[in-house]
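K.L.:
Structure provided below as structure tokens; questions to follow.
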Amino acid sequence: MEDRTDLELINLVKQKHRPALEEIYTRYIKLIYSFAYKFSHGNEEDAKEMVQLTFLKLWTTKSSYDPSQGKFVNWLLTIARNVCIDYIRRKKKDEHTSHHYDTDRTLYLADPKDHIEESFQQTEIAKAKSRLSTEQRKLIDLLYWRGFTLMEIAEMENTPVGTIKSRLHQSLKQLKRHLENGGFIDGKEM
Amino acid sequence: MERKCEHLLSYMANTLSEADKNKFEAHMKNCDACRKEYEELSKPWEALQFDFKDQHVPESLKEDVFNFIFEDQEKEQKHTIKDRLKARGIQLKKQFTPLTSGLVILLFAVAAILTYVNIQSGSQQQIASSQPAKIMTSLHLTSANSQMHDADGYAYVVQQNNTKKLIVQVNGLPKLEGTETYQVWLLKDGKRLNAGIFNTNESGSGVLTHTLSQEEDFDKIGITKEPKLDNTQPEGKKVVGS
């Protein structure tokens, strides 16, 4: 299994080949777990559940990885993100229905800058992101890591949804420029 | 910018419904502006995937993940059966126009009312059927035959609503051969009354239930091994009794 490419592995997984899934686990668990951990806000149990659901998704998904569409790792993390977002939305909904919902929305508006400054090993993306304004970083985090819809963000920010949208477009484009200047664009080297 | 182009960011963030997602994908095929914007935004978007710190993976996680998937597979299969049934239901629903389904519902309603009326007038007993059963008498049965001293059992008279039942449960009886059968007798004022026959399983246990009339009563109970069925008086040896 170790000498198989990612594409070969994922095609074997589609044919329900368990050792291939185990090899993908070995190769990418650190990445997927760390990724889910960020969605969980440090809640290890939630992160573990998200990882379980991500691997279940890989085992059952009908969509397949197409190398012409990008790197395997991007495809993998796109799947992981969809699972994580579903998970946190469902959890938010459950908390809401069981009346444990924290109505204080400012909870979600914490300045993400502190997180970045805490990190000693800043990744390229963290460096590029730190060059954005606080407001820009906040919008990106709400959309990418918190799974809020544009409508929800507009409501929280008390700003028209069109404005939020164009700010996000601009922020992402600026982020792209910072990444290019920093010589980083195609993803972290594994 | 067309109205549909506005969904690009929601599409990337995967916050669109499945239907809207499909619509947007169809739109993007024919919209150069969206394709170009998508290409530009997807680079920083994908770079965001790596905006996290490395974490230490818990040792037990691999086992959790694989147990979860392969146990979940079984559940998944059950789901599929459920889904199939649901699909059948929907298919069935499609067979009916609002008028025919209305008529069918009406027919069911009429049938239900008639059945209900029938039950109501039929017997009062059924209404009270929720009363719990009560044990009126319980008797320990012991071996009446030196060759089968392991044999024993219990007999209960149970009352529920207006029904009185005798329940006999015995263990350790020898295996029957040919036409042989075990028969239960009720002794009242020196007379023996047939209370039914039963057979035993491999380990020599057997159960019999027999409905008694309200006034019916007995002094003793005996079980015999009969050489043939339908005896009105015991012919064979008594095996256990109270």
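In the structure tokens, each chain is lettered A, B, ... as it comes, each chain's residues begin at 1, and ligands are numbered from 1 in order of appearance.
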Determine, for each residue of chain B having at least one atom at most 7 Å from an atom of chain A, the closest pair of atoms and their separation in Å to one decimal, counting only C-alpha atoms; order by chain and ascending number, as a Markdown table.
P.N.:
| residue | atom | partner | partner_atom | distance |
| --- | --- | --- | --- | --- |
| B:Ala13 | CA | A:Tyr144 | CA | 6.7 |
| B:Thr15 | CA | A:Thr149 | CA | 6.0 |
| B:Leu41 | CA | A:Leu172 | CA | 6.3 |
| B:Lys43 | CA | A:Ile185 | CA | 6.8 |
| B:Pro44 | CA | A:Lys176 | CA | 5.0 |
| B:Glu46 | CA | A:Asn74 | CA | 6.6 |
| B:Ala47 | CA | A:Gly187 | CA | 5.6 |
| B:Leu48 | CA | A:Ile125 | CA | 6.6 |
| B:Gln49 | CA | A:Leu77 | CA | 6.7 |
| B:Phe50 | CA | A:Lys188 | CA | 6.6 |
| B:Asp51 | CA | A:Ile125 | CA | 5.8 |
| B:Phe52 | CA | A:Phe35 | CA | 6.2 |
| B:Lys53 | CA | A:Ser34 | CA | 6.5 |
| B:Asp54 | CA | A:Ser34 | CA | 5.3 |
| B:Gln55 | CA | A:Ser34 | CA | 5.0 |
| B:Val57 | CA | A:Lys30 | CA | 6.1 |
| B:Leu61 | CA | A:Lys48 | CA | 6.9 |
| B:Val65 | CA | A:Gln52 | CA | 4.8 |
| B:Phe68 | CA | A:Gln52 | CA | 6.8 |
| B:Ile69 | CA | A:Leu56 | CA | 5.4 |
K.L.:
Mind checking which residues fall within 12 Å of Thr179 (chain B), counting only C-alpha atoms, ignoring those fewer than 5 positions away in the same chain, and posting them as a PyMOL selection string?
P.N.:
chain B and resi 199+225-230
K.L.:
Take the residues that were just selected and, keeping C-alpha atoms, output them as a PDB file, in the first residue's frame.
P.N.:
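Dumped everything to result19.pdb:
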ATOM      1  CA  ASN B 199     -45.487 -32.531  25.289  1.00  0.00           C
ATOM      2  CA  LYS B 225     -47.976 -40.248  31.231  1.00  0.00           C
ATOM      3  CA  GLU B 226     -50.690 -41.633  28.937  1.00  0.00           C
ATOM      4  CA  PRO B 227     -50.047 -44.268  26.289  1.00  0.00           C
ATOM      5  CA  LYS B 228     -52.364 -42.495  23.829  1.00  0.00           C
ATOM      6  CA  LEU B 229     -54.159 -39.201  23.255  1.00  0.00           C
ATOM      7  CA  ASP B 230     -57.754 -38.322  24.174  1.00  0.00           C
TER       8      ASP B 230
END
K.L.:
Would you mind writing down, as number ranges by chain, each residue of region 22-202 of chain B that DSSP on the backbone assigns to helix (DSSP H, G or I)?
P.N.:
B: 22-29, 32-48, 61-94, 98-122, 125-128, 146-148
K.L.:
As a short mmCIF file (atom, residue, chain, number, x, y, z; two decimals) with N, CA and C atoms, in the first residue's frame, please: the residues near Thr142 (chain B) (cut-off 8 Å, only C-alpha atoms, same-chain neighbours under 2 positions excluded).
P.N.:
data_model
loop_
_atom_site.label_atom_id
_atom_site.label_comp_id
_atom_site.auth_asym_id
_atom_site.auth_seq_id
_atom_site.Cartn_x
_atom_site.Cartn_y
_atom_site.Cartn_z
N HIS B 140 -47.02 -26.12 44.19
CA HIS B 140 -45.75 -26.75 43.81
C HIS B 140 -46.03 -28.20 43.46
N ALA B 144 -44.10 -37.92 41.61
CA ALA B 144 -44.97 -38.92 42.22
C ALA B 144 -44.49 -40.30 41.83
N ALA B 151 -38.29 -34.89 38.52
CA ALA B 151 -39.44 -34.17 37.97
C ALA B 151 -40.08 -33.28 39.02
N ASP B 152 -40.34 -32.03 38.65
CA ASP B 152 -41.13 -31.14 39.50
C ASP B 152 -41.68 -30.00 38.66
N GLY B 153 -42.43 -29.12 39.29
CA GLY B 153 -43.00 -28.02 38.52
C GLY B 153 -43.94 -27.19 39.36
N VAL B 240 -46.15 -36.54 38.23
CA VAL B 240 -46.02 -35.49 39.27
C VAL B 240 -47.40 -35.10 39.77
N GLY B 241 -47.44 -34.44 40.91
CA GLY B 241 -48.73 -33.99 41.44
C GLY B 241 -48.53 -33.05 42.60
N SER B 242 -49.63 -32.42 43.02
CA SER B 242 -49.55 -31.50 44.15
C SER B 242 -49.85 -32.25 45.45
#
K.L.:
Between CA of Thr5 (chain A) and CA of Lys62 (chain A), what is the distance, to one decimal in Å?
P.N.:
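About the pair CA of Thr5 (chain A) and CA of Lys62 (chain A): they are 19.6 Å apart.
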K.L.:
Quote the spacing between CA of Val157 (chain B) and CA of Ile223 (chain B) in Å to one decimal place.
P.N.:
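So the two atoms, CA of Val157 (chain B) and CA of Ile223 (chain B), lie 15.9 Å apart.
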K.L.:
Could you check the closest approach to Ser213 (chain B) for each of B:Arg192, B:Lys237, B:Lys165, B:Lys4 and tell me which residue wins, using only C-alpha atoms?
P.N.:
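Result for the nearest residue to Ser213 (chain B): B:Lys165.
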K.L.:
Looking at A:Asn43, A:Ser68, A:Thr134, A:Thr61, which one is nearest to Leu7 (chain A), with distances taken over only C-alpha atoms?
P.N.:
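Comparing A:Asn43, A:Ser68, A:Thr134, A:Thr61 against Leu7 (chain A), the winner is A:Ser68.
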K.L.:
To one decimal in Å, tell me the separation between CA of Thr209 (chain B) and CA of Gly172 (chain B).
P.N.:
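Going from CA of Thr209 (chain B) over to CA of Gly172 (chain B), I get 18.5 Å.
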